[in-house]
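*Asks:* For reference, this is start14.cif, and it has mmCIF, C-alpha atoms.
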data_model
loop_
_atom_site.group_PDB
_atom_site.id
_atom_site.type_symbol
_atom_site.label_atom_id
_atom_site.label_comp_id
_atom_site.auth_asym_id
_atom_site.auth_seq_id
_atom_site.Cartn_x
_atom_site.Cartn_y
_atom_site.Cartn_z
ATOM 1 C CA MET P 1 0.000 0.000 0.000
ATOM 2 C CA THR P 2 1.344 3.409 -0.983
ATOM 3 C CA THR P 3 2.213 5.472 2.084
ATOM 4 C CA LEU P 4 4.436 8.285 0.820
ATOM 5 C CA ALA P 5 4.746 10.780 -2.034
ATOM 6 C CA TYR P 6 7.204 13.383 -3.223
ATOM 7 C CA PHE P 7 5.111 16.556 -3.042
ATOM 8 C CA GLU P 8 5.781 20.285 -2.683
ATOM 9 C CA GLY P 9 9.545 19.673 -2.691
ATOM 10 C CA GLY P 10 9.731 16.912 -0.079
ATOM 11 C CA ILE P 11 8.550 13.441 0.880
ATOM 12 C CA VAL P 12 5.284 13.479 2.836
ATOM 13 C CA PRO P 13 2.566 11.000 3.869
ATOM 14 C CA ILE P 14 0.399 10.227 0.838
ATOM 15 C CA ASP P 15 -2.749 11.645 2.455
ATOM 16 C CA GLN P 16 -1.046 15.047 2.666
ATOM 17 C CA ALA P 17 -0.287 15.140 -1.087
ATOM 18 C CA LYS P 18 -3.450 16.942 -2.164
ATOM 19 C CA ILE P 19 -4.369 19.553 -4.767
ATOM 20 C CA SER P 20 -7.236 22.034 -4.940
ATOM 21 C CA ILE P 21 -10.352 21.615 -7.086
ATOM 22 C CA THR P 22 -9.266 24.877 -8.746
ATOM 23 C CA ASN P 23 -6.191 23.116 -10.143
ATOM 24 C CA HIS P 24 -5.750 23.942 -13.846
ATOM 25 C CA THR P 25 -4.689 20.425 -14.820
ATOM 26 C CA PHE P 26 -7.712 18.914 -13.058
ATOM 27 C CA HIS P 27 -9.993 21.018 -15.277
ATOM 28 C CA TYR P 28 -8.169 20.977 -18.618
ATOM 29 C CA GLY P 29 -5.831 17.968 -18.639
ATOM 30 C CA THR P 30 -2.807 20.277 -18.983
ATOM 31 C CA GLY P 31 -0.327 18.068 -17.188
ATOM 32 C CA CYS P 32 2.052 15.316 -18.220
ATOM 33 C CA PHE P 33 3.300 12.199 -16.544
ATOM 34 C CA ALA P 34 5.695 9.276 -16.770
ATOM 35 C CA GLY P 35 5.342 5.582 -16.073
ATOM 36 C CA ILE P 36 8.437 3.922 -14.597
ATOM 37 C CA ARG P 37 8.900 0.453 -13.139
ATOM 38 C CA GLY P 38 11.117 -1.017 -10.481
ATOM 39 C CA TYR P 39 11.816 -4.772 -10.416
ATOM 40 C CA TRP P 40 12.662 -6.679 -7.244
ATOM 41 C CA ASN P 41 15.449 -9.261 -7.495
ATOM 42 C CA ALA P 42 14.999 -11.469 -4.430
ATOM 43 C CA ASN P 43 18.330 -13.273 -4.892
ATOM 44 C CA ARG P 44 20.206 -9.983 -4.806
ATOM 45 C CA GLU P 45 17.900 -8.263 -2.317
ATOM 46 C CA GLN P 46 17.788 -5.355 -4.748
ATOM 47 C CA LEU P 47 15.159 -3.209 -6.452
ATOM 48 C CA TYR P 48 16.184 -2.173 -9.972
ATOM 49 C CA VAL P 49 14.545 0.810 -11.708
ATOM 50 C CA PHE P 50 14.455 0.487 -15.486
ATOM 51 C CA ARG P 51 15.974 3.339 -17.512
ATOM 52 C CA LEU P 52 15.178 5.958 -14.891
ATOM 53 C CA ALA P 53 17.096 8.828 -16.511
ATOM 54 C CA ASP P 54 15.688 8.012 -19.955
ATOM 55 C CA HIS P 55 12.137 8.142 -18.629
ATOM 56 C CA TYR P 56 12.824 11.517 -17.050
ATOM 57 C CA THR P 57 14.323 12.829 -20.275
ATOM 58 C CA ARG P 58 11.012 12.090 -22.008
ATOM 59 C CA PHE P 59 9.113 13.502 -19.014
ATOM 60 C CA LEU P 60 10.978 16.806 -19.320
ATOM 61 C CA HIS P 61 10.320 16.828 -23.080
ATOM 62 C CA SER P 62 6.611 16.441 -22.316
ATOM 63 C CA CYS P 63 6.899 19.352 -19.886
ATOM 64 C CA ARG P 64 8.452 21.463 -22.629
ATOM 65 C CA LEU P 65 5.476 20.776 -24.889
ATOM 66 C CA LEU P 66 3.220 22.297 -22.223
ATOM 67 C CA PHE P 67 5.416 25.316 -21.341
ATOM 68 C CA SER P 68 5.979 23.679 -17.945
ATOM 69 C CA ASP P 69 9.004 24.587 -15.832
ATOM 70 C CA ILE P 70 8.956 22.352 -12.771
ATOM 71 C CA GLY P 71 12.271 23.659 -11.419
ATOM 72 C CA MET P 72 13.950 20.232 -11.382
ATOM 73 C CA ASP P 73 16.427 18.718 -13.802
ATOM 74 C CA ASN P 74 16.913 15.046 -14.628
ATOM 75 C CA ASP P 75 19.357 14.415 -11.796
ATOM 76 C CA ALA P 76 17.051 15.997 -9.219
ATOM 77 C CA LEU P 77 14.088 13.945 -10.410
ATOM 78 C CA CYS P 78 16.120 10.726 -10.263
ATOM 79 C CA SER P 79 17.386 11.527 -6.765
ATOM 80 C CA ALA P 80 13.891 12.316 -5.472
ATOM 81 C CA THR P 81 12.540 9.079 -6.948
ATOM 82 C CA LEU P 82 15.273 6.880 -5.479
ATOM 83 C CA GLU P 83 14.890 8.464 -2.036
ATOM 84 C CA LEU P 84 11.128 7.931 -2.183
ATOM 85 C CA LEU P 85 11.616 4.259 -3.035
ATOM 86 C CA ARG P 86 14.152 3.810 -0.241
ATOM 87 C CA GLN P 87 11.769 5.285 2.307
ATOM 88 C CA GLU P 88 8.878 3.141 1.045
ATOM 89 C CA GLY P 89 11.109 0.076 1.389
ATOM 90 C CA TRP P 90 9.471 -1.962 -1.369
ATOM 91 C CA ARG P 91 10.532 -5.609 -1.666
ATOM 92 C CA GLU P 92 8.407 -6.340 -4.737
ATOM 93 C CA ASN P 93 7.828 -4.984 -8.240
ATOM 94 C CA VAL P 94 6.567 -1.410 -8.211
ATOM 95 C CA TYR P 95 5.154 1.169 -10.597
ATOM 96 C CA ILE P 96 6.329 4.776 -10.223
ATOM 97 C CA ARG P 97 4.208 7.719 -11.349
ATOM 98 C CA PRO P 98 5.696 11.226 -11.629
ATOM 99 C CA ILE P 99 3.245 13.913 -12.721
ATOM 100 C CA ALA P 100 3.760 17.575 -13.620
ATOM 101 C CA TYR P 101 0.743 19.821 -13.224
ATOM 102 C CA LYS P 102 -0.344 23.441 -13.336
ATOM 103 C CA ASP P 103 -1.515 24.452 -9.902
ATOM 104 C CA GLU P 104 -3.607 27.553 -10.529
ATOM 105 C CA GLY P 105 -5.612 29.511 -13.069
ATOM 106 C CA VAL P 106 -8.830 27.571 -13.485
ATOM 107 C CA PHE P 107 -10.516 30.373 -15.434
ATOM 108 C CA ARG P 108 -7.951 30.533 -18.229
ATOM 109 C CA VAL P 109 -6.959 27.938 -20.816
ATOM 110 C CA TRP P 110 -3.493 29.136 -21.838
ATOM 111 C CA LEU P 111 -0.431 27.218 -20.709
ATOM 112 C CA HIS P 112 2.255 29.819 -20.094
ATOM 113 C CA ASP P 113 2.800 31.862 -16.923
ATOM 114 C CA ALA P 114 1.318 29.131 -14.719
ATOM 115 C CA LYS P 115 2.678 27.786 -11.443
ATOM 116 C CA ASP P 116 4.112 24.388 -12.423
ATOM 117 C CA LYS P 117 4.643 21.670 -9.833
ATOM 118 C CA VAL P 118 5.649 18.020 -9.736
ATOM 119 C CA ALA P 119 4.614 15.053 -7.595
ATOM 120 C CA ILE P 120 5.838 11.437 -7.520
ATOM 121 C CA PHE P 121 4.402 8.319 -5.904
ATOM 122 C CA SER P 122 4.857 4.568 -6.244
ATOM 123 C CA GLN P 123 2.844 1.432 -5.600
ATOM 124 C CA PRO P 124 3.202 -2.341 -5.941
ATOM 125 C CA THR P 125 1.816 -3.587 -9.237
ATOM 126 C CA GLY P 126 1.688 -6.594 -11.490
ATOM 127 C CA GLY P 127 0.960 -6.838 -15.202
ATOM 128 C CA TYR P 128 -1.398 -4.469 -17.013
ATOM 129 C CA LEU P 129 -2.593 -7.177 -19.419
ATOM 130 C CA PRO P 130 -2.624 -10.972 -19.035
ATOM 131 C CA ASP P 131 0.612 -12.547 -20.237
ATOM 132 C CA ASP P 132 -0.140 -16.238 -19.718
ATOM 133 C CA LYS P 133 -1.838 -16.501 -23.111
ATOM 134 C CA GLY P 134 -2.423 -14.380 -26.188
ATOM 135 C CA ILE P 135 -4.828 -11.502 -25.656
ATOM 136 C CA THR P 136 -7.742 -10.630 -27.945
ATOM 137 C CA VAL P 137 -7.577 -7.339 -29.791
ATOM 138 C CA CYS P 138 -9.815 -5.257 -32.033
ATOM 139 C CA VAL P 139 -9.071 -2.342 -34.337
ATOM 140 C CA SER P 140 -10.800 0.598 -32.694
ATOM 141 C CA SER P 141 -13.369 2.799 -34.387
ATOM 142 C CA TRP P 142 -11.586 5.714 -32.673
ATOM 143 C CA ARG P 143 -8.568 7.169 -34.489
ATOM 144 C CA ARG P 144 -5.342 8.029 -32.701
ATOM 145 C CA VAL P 145 -5.112 11.713 -31.844
ATOM 146 C CA ASP P 146 -3.005 13.535 -34.441
ATOM 147 C CA ASP P 147 0.212 15.398 -33.685
ATOM 148 C CA THR P 148 -1.335 18.521 -35.188
ATOM 149 C CA ALA P 149 -4.080 18.374 -32.528
ATOM 150 C CA ILE P 150 -2.361 17.125 -29.357
ATOM 151 C CA PRO P 151 1.279 15.939 -29.473
ATOM 152 C CA ALA P 152 1.023 12.167 -29.124
ATOM 153 C CA ARG P 153 4.783 11.719 -28.653
ATOM 154 C CA GLY P 154 4.437 13.221 -25.152
ATOM 155 C CA LYS P 155 2.586 11.687 -22.197
ATOM 156 C CA VAL P 156 0.062 14.514 -21.904
ATOM 157 C CA ASN P 157 -2.800 13.871 -19.473
ATOM 158 C CA GLY P 158 -5.580 15.092 -21.752
ATOM 159 C CA THR P 159 -4.456 12.840 -24.610
ATOM 160 C CA TYR P 160 -5.527 9.793 -22.633
ATOM 161 C CA VAL P 161 -9.214 10.541 -23.142
ATOM 162 C CA ASN P 162 -8.505 9.199 -26.630
ATOM 163 C CA SER P 163 -7.070 6.022 -25.100
ATOM 164 C CA SER P 164 -9.889 5.670 -22.576
ATOM 165 C CA LEU P 165 -12.593 5.809 -25.213
ATOM 166 C CA ALA P 166 -10.862 3.126 -27.277
ATOM 167 C CA LYS P 167 -10.142 0.917 -24.258
ATOM 168 C CA SER P 168 -13.729 0.948 -23.002
ATOM 169 C CA GLU P 169 -15.042 0.279 -26.494
ATOM 170 C CA ALA P 170 -12.774 -2.759 -26.767
ATOM 171 C CA MET P 171 -13.537 -4.181 -23.329
ATOM 172 C CA LEU P 172 -17.300 -3.689 -23.622
ATOM 173 C CA SER P 173 -17.114 -5.525 -26.948
ATOM 174 C CA GLY P 174 -15.366 -8.505 -25.335
ATOM 175 C CA PHE P 175 -11.743 -7.753 -26.265
ATOM 176 C CA ASN P 176 -8.749 -7.223 -23.973
ATOM 177 C CA GLU P 177 -7.256 -4.330 -25.917
ATOM 178 C CA ALA P 178 -7.562 -2.112 -28.989
ATOM 179 C CA ILE P 179 -5.271 -1.003 -31.777
ATOM 180 C CA LEU P 180 -5.786 2.572 -32.936
ATOM 181 C CA LEU P 181 -5.144 3.700 -36.494
ATOM 182 C CA ASN P 182 -3.831 7.176 -37.198
ATOM 183 C CA GLN P 183 -5.582 9.727 -39.377
ATOM 184 C CA ASP P 184 -3.951 8.206 -42.483
ATOM 185 C CA GLY P 185 -5.383 4.783 -41.681
ATOM 186 C CA HIS P 186 -2.072 3.200 -40.644
ATOM 187 C CA VAL P 187 -1.448 1.379 -37.381
ATOM 188 C CA SER P 188 -0.402 3.690 -34.552
ATOM 189 C CA GLU P 189 -0.415 1.907 -31.187
ATOM 190 C CA ALA P 190 -2.627 0.385 -28.500
ATOM 191 C CA THR P 191 -4.454 2.421 -25.875
ATOM 192 C CA ALA P 192 -1.388 2.541 -23.613
ATOM 193 C CA ALA P 193 1.293 0.490 -25.347
ATOM 194 C CA ASN P 194 3.394 0.343 -28.489
ATOM 195 C CA PHE P 195 2.835 -2.382 -31.087
ATOM 196 C CA PHE P 196 5.140 -4.901 -32.771
ATOM 197 C CA MET P 197 4.459 -7.717 -35.187
ATOM 198 C CA VAL P 198 6.614 -10.417 -36.776
ATOM 199 C CA ARG P 199 6.455 -11.238 -40.490
ATOM 200 C CA GLY P 200 8.847 -13.718 -42.062
ATOM 201 C CA GLY P 201 11.286 -13.469 -39.144
ATOM 202 C CA THR P 202 11.428 -9.657 -39.242
ATOM 203 C CA LEU P 203 10.233 -7.562 -36.327
ATOM 204 C CA VAL P 204 8.064 -4.700 -37.587
ATOM 205 C CA THR P 205 6.828 -1.654 -35.646
ATOM 206 C CA PRO P 206 5.212 1.628 -36.736
ATOM 207 C CA PRO P 207 7.471 4.702 -36.932
ATOM 208 C CA ILE P 208 7.312 7.489 -34.369
ATOM 209 C CA THR P 209 5.701 9.673 -37.056
ATOM 210 C CA ALA P 210 2.595 7.421 -36.934
ATOM 211 C CA ASN P 211 1.405 9.479 -33.923
ATOM 212 C CA LEU P 212 2.640 7.160 -31.232
ATOM 213 C CA LEU P 213 4.354 7.694 -27.912
ATOM 214 C CA GLU P 214 8.153 7.626 -28.029
ATOM 215 C CA GLY P 215 8.242 4.514 -25.869
ATOM 216 C CA VAL P 216 11.325 3.794 -23.769
ATOM 217 C CA VAL P 217 10.506 0.071 -23.740
ATOM 218 C CA ARG P 218 9.850 0.156 -27.499
ATOM 219 C CA ARG P 219 13.294 1.649 -28.122
ATOM 220 C CA SER P 220 14.894 -0.875 -25.770
ATOM 221 C CA LEU P 221 13.306 -3.877 -27.501
ATOM 222 C CA VAL P 222 14.440 -2.640 -30.911
ATOM 223 C CA GLU P 223 18.011 -2.479 -29.607
ATOM 224 C CA LEU P 224 17.827 -5.889 -27.918
ATOM 225 C CA ALA P 225 16.378 -7.542 -31.020
ATOM 226 C CA ARG P 226 18.928 -6.058 -33.410
ATOM 227 C CA ASP P 227 22.100 -6.086 -31.334
ATOM 228 C CA ARG P 228 21.701 -9.076 -29.046
ATOM 229 C CA LEU P 229 19.372 -11.516 -30.813
ATOM 230 C CA GLY P 230 20.256 -10.651 -34.418
ATOM 231 C CA ILE P 231 16.592 -10.197 -35.383
ATOM 232 C CA PRO P 232 16.072 -7.759 -38.280
ATOM 233 C CA VAL P 233 13.840 -4.804 -37.372
ATOM 234 C CA GLU P 234 11.796 -2.531 -39.654
ATOM 235 C CA GLU P 235 10.162 0.710 -38.536
ATOM 236 C CA ARG P 236 7.557 1.432 -41.195
ATOM 237 C CA ASN P 237 3.873 2.027 -41.791
ATOM 238 C CA ILE P 238 1.564 -0.939 -41.234
ATOM 239 C CA ASP P 239 -1.800 -1.219 -43.006
ATOM 240 C CA ARG P 240 -4.798 -2.612 -41.158
ATOM 241 C CA SER P 241 -5.038 -5.644 -43.448
ATOM 242 C CA GLU P 242 -1.386 -6.502 -42.807
ATOM 243 C CA LEU P 243 -2.212 -7.057 -39.134
ATOM 244 C CA TYR P 244 -4.142 -10.183 -40.103
ATOM 245 C CA MET P 245 -1.094 -11.593 -41.943
ATOM 246 C CA ALA P 246 1.248 -11.372 -38.935
ATOM 247 C CA ASP P 247 3.073 -14.483 -37.729
ATOM 248 C CA GLU P 248 3.295 -13.004 -34.227
ATOM 249 C CA ALA P 249 2.278 -9.760 -32.545
ATOM 250 C CA PHE P 250 2.734 -8.180 -29.136
ATOM 251 C CA PHE P 251 2.313 -4.950 -27.206
ATOM 252 C CA CYS P 252 5.017 -3.376 -25.074
ATOM 253 C CA GLY P 253 5.366 -0.547 -22.608
ATOM 254 C CA THR P 254 6.129 0.215 -18.986
ATOM 255 C CA GLY P 255 2.648 -0.754 -17.864
ATOM 256 C CA VAL P 256 1.999 -3.685 -20.184
ATOM 257 C CA GLN P 257 5.662 -4.844 -20.205
ATOM 258 C CA MET P 258 5.216 -7.387 -23.039
ATOM 259 C CA ALA P 259 1.871 -8.981 -23.901
ATOM 260 C CA ALA P 260 1.455 -11.431 -26.783
ATOM 261 C CA VAL P 261 -1.510 -10.936 -29.118
ATOM 262 C CA GLY P 262 -3.536 -14.069 -29.825
ATOM 263 C CA ALA P 263 -6.149 -12.677 -32.187
ATOM 264 C CA ILE P 264 -6.991 -9.411 -33.972
ATOM 265 C CA ASP P 265 -10.579 -8.790 -35.050
ATOM 266 C CA HIS P 266 -11.363 -12.483 -34.413
ATOM 267 C CA ARG P 267 -8.513 -13.601 -36.690
ATOM 268 C CA PRO P 268 -5.948 -15.826 -34.917
ATOM 269 C CA ILE P 269 -2.339 -14.641 -34.930
ATOM 270 C CA GLY P 270 0.222 -17.449 -35.173
ATOM 271 C CA ASN P 271 -0.491 -20.131 -32.605
ATOM 272 C CA GLY P 272 -2.714 -17.820 -30.583
ATOM 273 C CA GLY P 273 -0.065 -17.270 -27.914
ATOM 274 C CA LYS P 274 3.603 -16.349 -27.599
ATOM 275 C CA GLY P 275 5.570 -17.016 -30.752
ATOM 276 C CA ASP P 276 9.281 -17.843 -30.814
ATOM 277 C CA VAL P 277 10.475 -14.280 -31.404
ATOM 278 C CA THR P 278 8.172 -12.860 -28.722
ATOM 279 C CA ARG P 279 9.334 -15.483 -26.225
ATOM 280 C CA GLN P 280 13.047 -14.993 -26.940
ATOM 281 C CA LEU P 281 12.772 -11.233 -26.674
ATOM 282 C CA GLY P 282 10.594 -11.409 -23.562
ATOM 283 C CA ASP P 283 12.968 -13.756 -21.733
ATOM 284 C CA LEU P 284 15.938 -11.512 -22.491
ATOM 285 C CA PHE P 285 14.009 -8.389 -21.529
ATOM 286 C CA TYR P 286 13.027 -9.841 -18.142
ATOM 287 C CA ARG P 287 16.651 -10.694 -17.373
ATOM 288 C CA VAL P 288 17.618 -7.119 -18.215
ATOM 289 C CA LEU P 289 14.872 -5.703 -15.963
ATOM 290 C CA THR P 290 16.026 -7.712 -12.966
ATOM 291 C CA GLY P 291 19.693 -6.830 -13.345
ATOM 292 C CA GLU P 292 20.756 -10.241 -14.618
ATOM 293 C CA GLU P 293 22.305 -9.064 -17.914
ATOM 294 C CA PRO P 294 25.726 -7.437 -17.347
ATOM 295 C CA ASP P 295 25.823 -5.953 -20.859
ATOM 296 C CA TYR P 296 22.742 -3.882 -20.005
ATOM 297 C CA ALA P 297 23.514 -3.063 -16.390
ATOM 298 C CA HIS P 298 23.564 0.624 -17.373
ATOM 299 C CA TRP P 299 19.815 0.381 -18.090
ATOM 300 C CA VAL P 300 18.887 -0.399 -14.492
ATOM 301 C CA THR P 301 19.467 1.707 -11.404
ATOM 302 C CA PRO P 302 19.772 -0.104 -8.049
ATOM 303 C CA VAL P 303 17.741 1.577 -5.308
ATOM 304 C CA HIS P 304 19.611 0.245 -2.293
ATOM 305 C CA SER P 305 23.339 0.772 -1.761
#
Take the structure I supplied and represent it as structure tokens, if you would.
*Replies:*
Amino acid sequence: MTTLAYFEGGIVPIDQAKISITNHTFHYGTGCFAGIRGYWNANREQLYVFRLADHYTRFLHSCRLLFSDIGMDNDALCSATLELLRQEGWRENVYIRPIAYKDEGVFRVWLHDAKDKVAIFSQPTGGYLPDDKGITVCVSSWRRVDDTAIPARGKVNGTYVNSSLAKSEAMLSGFNEAILLNQDGHVSEATAANFFMVRGGTLVTPPITANLLEGVVRRSLVELARDRLGIPVEERNIDRSELYMADEAFFCGTGVQMAAVGAIDHRPIGNGGKGDVTRQLGDLFYRVLTGEEPDYAHWVTPVHS
């Protein structure tokens, strides 16, 4: 159970980390956030945080999109997060949520000249989607928000209304997840995860310009596939009909981690579960997350000295 938060420049009990109903971000969605995970390695008695500085680099880029100056650089954000985790004393996998928000000005919609603040909290968490078998997916009737409307490459709070509409549509229709197409009709991403498929032994994923989040896990898996497993990778547009021809498919992200796709629009994908490429990549990725791959030790930050 979460007990603490970084709030107003220090670590306080979680029930003291409160904002007013006049908060600008509460009314207009004008904040941004990050999703970061820590993985407990019981053999080493260590909690490893995955690509902490890289997540905060993207977080600060999202802040820049919103004219937000939170008064903290990457190093300060990392230090605050690690101290929070030490005080919480987690001995299990955790999810970490930093959020930047505008704390005043409910009766105006502009972004500049606001009082920007940041808060961070963490909580134990498991998987976002089932990973014991392939999940069922539909192509959503909702299109992915376009970069010319709201910048999808940043984790902007208000953008997730788009994701929420697609997610509820999918779940109420009996699916686990949805794939959103962009305004050009090409595959973008899931409601809160990036998308990969395998065709003829090649790993294929949409380009960043397809209005998708610049995923830290996505970038990591591309590197692991190319450099460690020798799997060719293509970043290119994917048509809807090509989804049905995939040999394998999976989602990835901080929340979802890796989740194999078993069927898209009632059409089975591969064997309906984890294919060989997905399994190889997933096994390697898990070893990296838990600090068991020396070549990628620079990707994980140990919490405890």
*Asks:* Counting only C-alpha atoms, what is within 8 Å of Met197 in chain P, bar same-chain residues fewer than 2 positions away, as a ChimeraX atom specification?
*Replies:* /P:195,199,203-205,243,246-250
*Asks:* Please provide the set of residues having any atom within 6 Å of range 136-144 of chain P, restricted to all atoms listed in the file, with same-chain residues fewer than 3 positions apart removed, written as a PDB file with C-alpha atoms, keeping the file's coordinate frame.
*Replies:*
ATOM      1  CA  ALA P 166     -10.862   3.126 -27.277  1.00  0.00           C
ATOM      2  CA  PHE P 175     -11.743  -7.753 -26.265  1.00  0.00           C
ATOM      3  CA  ASN P 176      -8.749  -7.223 -23.973  1.00  0.00           C
ATOM      4  CA  GLU P 177      -7.256  -4.330 -25.917  1.00  0.00           C
ATOM      5  CA  ALA P 178      -7.562  -2.112 -28.989  1.00  0.00           C
ATOM      6  CA  ILE P 179      -5.271  -1.003 -31.777  1.00  0.00           C
ATOM      7  CA  LEU P 180      -5.786   2.572 -32.936  1.00  0.00           C
ATOM      8  CA  LEU P 181      -5.144   3.700 -36.494  1.00  0.00           C
ATOM      9  CA  ASN P 182      -3.831   7.176 -37.198  1.00  0.00           C
ATOM     10  CA  GLY P 262      -3.536 -14.069 -29.825  1.00  0.00           C
ATOM     11  CA  ALA P 263      -6.149 -12.677 -32.187  1.00  0.00           C
ATOM     12  CA  ILE P 264      -6.991  -9.411 -33.972  1.00  0.00           C
ATOM     13  CA  ASP P 265     -10.579  -8.790 -35.050  1.00  0.00           C
TER      14      ASP P 265
END
*Asks:* Please write the residues picked by the PyMOL selection byres ((chain P and resi 208) around 12) on this file as a PyMOL selection string.
*Replies:* chain P and resi 146-147+151-154+182+187-189+194-195+205-207+209-216+218-219+235-237
*Asks:* Exactly which residues make up the result of the PyMOL selection byres ((chain P and resi 93-108) around 6) on this file, given as a list in words?
*Replies:*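 Those residues are Thr22, Asn23, His24, Thr25, Gly31, Cys32, Phe33, Ala34, Gly35, Ile36, Arg37, Gly38, Tyr39, Trp40, Glu92, Val109, Trp110, Lys115, Asp116, Lys117, Val118, Ala119, Ile120, Phe121, Ser122, Gln123, Pro124 and Thr125 of chain P.
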*Asks:* Please write the residues picked by the PyMOL selection byres ((chain P and resi 230) around 12) on this file as a ChimeraX atom specification.
*Replies:* /P:201-203,221-229,231-233,277,280-281
*Asks:* Can you measure CA of Asn41 in chain P to CA of Gly291 in chain P for me? One decimal in Å is fine.
*Replies:*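 Between these atoms lies a distance of 7.6 Å.
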*Asks:* Under the rule that all atoms listed in the file are counted, which of P:Leu111, P:Ile19, P:Leu284, P:Ala297 is the nearest residue to Leu66 in chain P?
*Replies:*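 Comparing P:Leu111, P:Ile19, P:Leu284, P:Ala297 against Leu66 in chain P, the winner is P:Leu111.
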*Asks:* Using only C-alpha atoms, which of P:Gly89, P:Thr254, P:Ser173, P:Ser20 sits nearest His266 in chain P?
*Replies:*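 Among the listed residues, P:Ser173 lies closest to His266 in chain P.
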*Asks:* Please report the interatomic distance between CA of Met72 in chain P and CA of Leu84 in chain P in Å with one decimal.
*Replies:* 15.6 Å
*Asks:* Calculate how many Å separate CA of Ala192 in chain P from CA of Asn157 in chain P, rounding to one decimal.
*Replies:*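 CA of Asn157 in chain P lies at a distance of 12.1 Å from CA of Ala192 in chain P.
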*Asks:* Can you save range 42-85 of chain P of the given block to a file, including C-alpha atoms and formatted as a PDB file, in the first residue's frame?
*Replies:*
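Generated output (decode34.pdb):
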ATOM      1  CA  ALA P  42      14.999 -11.469  -4.430  1.00  0.00           C
ATOM      2  CA  ASN P  43      18.330 -13.273  -4.892  1.00  0.00           C
ATOM      3  CA  ARG P  44      20.206  -9.983  -4.806  1.00  0.00           C
ATOM      4  CA  GLU P  45      17.900  -8.263  -2.317  1.00  0.00           C
ATOM      5  CA  GLN P  46      17.788  -5.355  -4.748  1.00  0.00           C
ATOM      6  CA  LEU P  47      15.159  -3.209  -6.452  1.00  0.00           C
ATOM      7  CA  TYR P  48      16.184  -2.173  -9.972  1.00  0.00           C
ATOM      8  CA  VAL P  49      14.545   0.810 -11.708  1.00  0.00           C
ATOM      9  CA  PHE P  50      14.455   0.487 -15.486  1.00  0.00           C
ATOM     10  CA  ARG P  51      15.974   3.339 -17.512  1.00  0.00           C
ATOM     11  CA  LEU P  52      15.178   5.958 -14.891  1.00  0.00           C
ATOM     12  CA  ALA P  53      17.096   8.828 -16.511  1.00  0.00           C
ATOM     13  CA  ASP P  54      15.688   8.012 -19.955  1.00  0.00           C
ATOM     14  CA  HIS P  55      12.137   8.142 -18.629  1.00  0.00           C
ATOM     15  CA  TYR P  56      12.824  11.517 -17.050  1.00  0.00           C
ATOM     16  CA  THR P  57      14.323  12.829 -20.275  1.00  0.00           C
ATOM     17  CA  ARG P  58      11.012  12.090 -22.008  1.00  0.00           C
ATOM     18  CA  PHE P  59       9.113  13.502 -19.014  1.00  0.00           C
ATOM     19  CA  LEU P  60      10.978  16.806 -19.320  1.00  0.00           C
ATOM     20  CA  HIS P  61      10.320  16.828 -23.080  1.00  0.00           C
ATOM     21  CA  SER P  62       6.611  16.441 -22.316  1.00  0.00           C
ATOM     22  CA  CYS P  63       6.899  19.352 -19.886  1.00  0.00           C
ATOM     23  CA  ARG P  64       8.452  21.463 -22.629  1.00  0.00           C
ATOM     24  CA  LEU P  65       5.476  20.776 -24.889  1.00  0.00           C
ATOM     25  CA  LEU P  66       3.220  22.297 -22.223  1.00  0.00           C
ATOM     26  CA  PHE P  67       5.416  25.316 -21.341  1.00  0.00           C
ATOM     27  CA  SER P  68       5.979  23.679 -17.945  1.00  0.00           C
ATOM     28  CA  ASP P  69       9.004  24.587 -15.832  1.00  0.00           C
ATOM     29  CA  ILE P  70       8.956  22.352 -12.771  1.00  0.00           C
ATOM     30  CA  GLY P  71      12.271  23.659 -11.419  1.00  0.00           C
ATOM     31  CA  MET P  72      13.950  20.232 -11.382  1.00  0.00           C
ATOM     32  CA  ASP P  73      16.427  18.718 -13.802  1.00  0.00           C
ATOM     33  CA  ASN P  74      16.913  15.046 -14.628  1.00  0.00           C
ATOM     34  CA  ASP P  75      19.357  14.415 -11.796  1.00  0.00           C
ATOM     35  CA  ALA P  76      17.051  15.997  -9.219  1.00  0.00           C
ATOM     36  CA  LEU P  77      14.088  13.945 -10.410  1.00  0.00           C
ATOM     37  CA  CYS P  78      16.120  10.726 -10.263  1.00  0.00           C
ATOM     38  CA  SER P  79      17.386  11.527  -6.765  1.00  0.00           C
ATOM     39  CA  ALA P  80      13.891  12.316  -5.472  1.00  0.00           C
ATOM     40  CA  THR P  81      12.540   9.079  -6.948  1.00  0.00           C
ATOM     41  CA  LEU P  82      15.273   6.880  -5.479  1.00  0.00           C
ATOM     42  CA  GLU P  83      14.890   8.464  -2.036  1.00  0.00           C
ATOM     43  CA  LEU P  84      11.128   7.931  -2.183  1.00  0.00           C
ATOM     44  CA  LEU P  85      11.616   4.259  -3.035  1.00  0.00           C
TER      45      LEU P  85
END
